[in-house]
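To keep things clear, I will list the structure first and then write my remarks on it.
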Amino acid sequence: MEMIFKNYEHKDNKLSFEIEKGQIIGITGKNSNEIVDLIALKSLNKGQLIINNQRVNKENIWSYRRKIALIRDSILSSQSNVLNIMIEYIKRHKLEIKDPLRKITDSLKIVSLEESILKRNIQTLSSSEKKLLQIALSLLSNPDLIIFEEPFKCLDKYNEKKLIMLIQRLKEQFQKTIIIASDDSNILYKYTNKMLFIKNDQISLEGKTNEVFLDVEYLKKNKFNIPEIVEFTYLAKNKKEVKIDYHKDVRDIIKDIYKHI
């Protein structure tokens with residue numbers, strides 16, 4: 001899904017930015033959840049919003065809204081089992097699915113959850129299983145755009161890596177456009193293609209991830225989180241005058257150090 005916002009009203013500001021199709025886009029900054037709500041079409045504000053070359057209006061917004069999945073850090077607290085929750089999700093969202101049970105099992109398979117989980121009560125699931133179930137639920141509507149808000153919260157490094165691999169698979173194998181809204185600059189720097197930095201309810205900085213995160217002085221000045229690997233390289237280059245390049249993998253930095261020192 002491609003989205004173009006032109007002079008789109010948000011509070012006292014007019015925003016202009018793009019969500020490119022087939023990319024993993026990061027969003028960070030104070031009140032970034034409000035920008036997420038704009039992208040998720042929680043409302044239709046004044047200004048131009050173009051999706052897949054079509055102007056969005058009150059008549060067609062619902063059809064686009066159905067193709068967007070917003071996965072927030074909400075805890076599934078129902079006392080029901082997983083199957084009932086997934087069936088209820090289909091009914092609540094009025095999804096027209098010929099074979100609901102097959103769609104449910106297919107969605108579970110994509111996120112690597114066993115079919116046996118359908119019989120389990122939500123309260124017996126681990127944090128990582130609940131996170132995967134949220135994604136499986138979102139896949140029932142076959143969305144074009146999936147928005148993850150703080151997806152790595154409460155996950156250990158092992159499950160964090162599994163979730164990253166799943167997000168990359170959704171992008172590459174299933175051609176989903178992905179948005180990750182997070183304050184974790186390390187994750188955003190390593191795995192996104194493009195970044196939107198939010199400050200004072202505006203897009204403060206927008207651009208390719210491997211370019212905008214290198215503007216360390218700007219990020220420091222505006223109090224954005226800086227990836228550890230970027231800050232280390234910045235200090236080495238500017239304080240110690242070490243000739244190394246910026247990388248996303250620490251192993252590449254080590255190679256650079258051995259090469260130049």
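Letters A, B, ... go to the chains of the structure tokens in the order shown; residues in each chain start at 1; ligands are counted from 1 in the same order.
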
Within 8 Å of A:Val230, counting only C-alpha atoms, which residues qualify if same-chain residues fewer than 5 places away don't, as a PyMOL selection string? chain A and resi 213-214+246-247

Residues flagged helix (DSSP H, G or I) by DSSP in stretch 59-230 of chain A, as a ChimeraX atom specification: /A:61-65,82-92,100-110,115-119,122-124,127-139,157-172,185-191,209-212,216-221,228-230

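Closest approach to A:Phe5 among A:Ser32, A:Asn45, A:Ser182, A:Thr192: A:Asn45, based on only C-alpha atoms.
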
Would you return as number ranges by chain the members of stretch 12-229 of chain A that DSSP assigns to strand (DSSP E) on this structure's backbone? A: 13-19, 24-29, 48-51, 54-55, 68-71, 145-149, 177-181, 194-199, 202-208

Would you pick out the contacts of stretch 156-158 of chain A at 12 Å or less, using only C-alpha atoms, so that residues sharing its chain but fewer than 4 positions from it are not included, and give the list as a ChimeraX atom specification? /A:126-128,151-152,162-165,187

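Summary of the local environment: counting only C-alpha atoms, residues at most 9 Å from A:Ile117, other than itself and those fewer than 4 positions away along its chain, are Asn81, Val82, Leu83, Leu108, Leu113, Asn121 and Leu125 of chain A.
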
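Distances here use only C-alpha atoms; by that measure, the residue among A:Ile71, A:Leu155, A:Ala181, A:Leu95 closest to A:Ile135 is A:Ile71.
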
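Considering only C-alpha atoms, the residue among A:Glu231, A:Glu217, A:Glu241, A:Asp183 positioned nearest to A:Lys30 is A:Asp183.
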
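Distances here use only C-alpha atoms; by that measure, the residue among A:Ile110, A:Leu38, A:Val212, A:Leu170 closest to A:Phe197 is A:Val212.
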
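The shell of residues at most 9 Å from A:His93, with only C-alpha atoms counted and near chain neighbours (fewer than 5 positions) removed, consists of A:Arg66, A:Glu88, A:Ser141.
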
Do you know which residues are at most 10 Å from A:Lys223 counting only C-alpha atoms, after dropping those on the same chain fewer than 5 positions away, and could you put them as a PyMOL selection string? chain A and resi 29+199+217-218

Keeping only all heavy atoms, write the selected residues to a file as a PDB file, in the first residue's frame.
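New file part-v3.pdb:
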```
ATOM      1  N   GLY A  29       9.454   9.157  18.206  1.00  0.00           N
ATOM      2  CA  GLY A  29       9.289  10.518  18.710  1.00  0.00           C
ATOM      3  C   GLY A  29       8.063  10.647  19.592  1.00  0.00           C
ATOM      4  O   GLY A  29       7.190   9.774  19.636  1.00  0.00           O
ATOM      5  N   LYS A 199       8.278  15.375  16.150  1.00  0.00           N
ATOM      6  CA  LYS A 199       8.516  16.336  17.226  1.00  0.00           C
ATOM      7  C   LYS A 199       7.508  17.475  17.092  1.00  0.00           C
ATOM      8  O   LYS A 199       7.281  17.974  15.986  1.00  0.00           O
ATOM      9  CB  LYS A 199       9.940  16.891  17.154  1.00  0.00           C
ATOM     10  CG  LYS A 199      10.267  17.840  18.307  1.00  0.00           C
ATOM     11  CD  LYS A 199      11.689  18.363  18.220  1.00  0.00           C
ATOM     12  CE  LYS A 199      11.970  19.319  19.377  1.00  0.00           C
ATOM     13  NZ  LYS A 199      13.340  19.877  19.310  1.00  0.00           N
ATOM     14  N   GLU A 217      24.331  14.918  15.326  1.00  0.00           N
ATOM     15  CA  GLU A 217      24.201  16.225  15.974  1.00  0.00           C
ATOM     16  C   GLU A 217      22.734  16.663  16.014  1.00  0.00           C
ATOM     17  O   GLU A 217      22.256  17.177  17.031  1.00  0.00           O
ATOM     18  CB  GLU A 217      25.043  17.269  15.227  1.00  0.00           C
ATOM     19  CG  GLU A 217      26.547  17.028  15.287  1.00  0.00           C
ATOM     20  CD  GLU A 217      27.095  17.204  16.698  1.00  0.00           C
ATOM     21  OE1 GLU A 217      26.415  17.821  17.535  1.00  0.00           O
ATOM     22  OE2 GLU A 217      28.204  16.710  16.967  1.00  0.00           O
ATOM     23  N   TYR A 218      22.021  16.467  14.922  1.00  0.00           N
ATOM     24  CA  TYR A 218      20.607  16.830  14.871  1.00  0.00           C
ATOM     25  C   TYR A 218      19.801  15.983  15.851  1.00  0.00           C
ATOM     26  O   TYR A 218      18.932  16.496  16.571  1.00  0.00           O
ATOM     27  CB  TYR A 218      20.061  16.646  13.457  1.00  0.00           C
ATOM     28  CG  TYR A 218      18.587  16.968  13.327  1.00  0.00           C
ATOM     29  CD1 TYR A 218      18.163  18.263  13.064  1.00  0.00           C
ATOM     30  CD2 TYR A 218      17.615  15.974  13.497  1.00  0.00           C
ATOM     31  CE1 TYR A 218      16.802  18.570  12.971  1.00  0.00           C
ATOM     32  CE2 TYR A 218      16.263  16.273  13.410  1.00  0.00           C
ATOM     33  CZ  TYR A 218      15.866  17.573  13.143  1.00  0.00           C
ATOM     34  OH  TYR A 218      14.533  17.872  13.070  1.00  0.00           O
TER      35      TYR A 218
END
```

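When only C-alpha atoms are used to compute distances to A:Ala136, the closest of the residues A:Val111, A:Val36, A:Leu15, A:Met3 turns out to be A:Val111.
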
Looking at only C-alpha atoms, which of A:Gln123, A:Lys130, A:Leu44, A:Ser107 is the one that sits closest to A:Gln79? A:Gln123
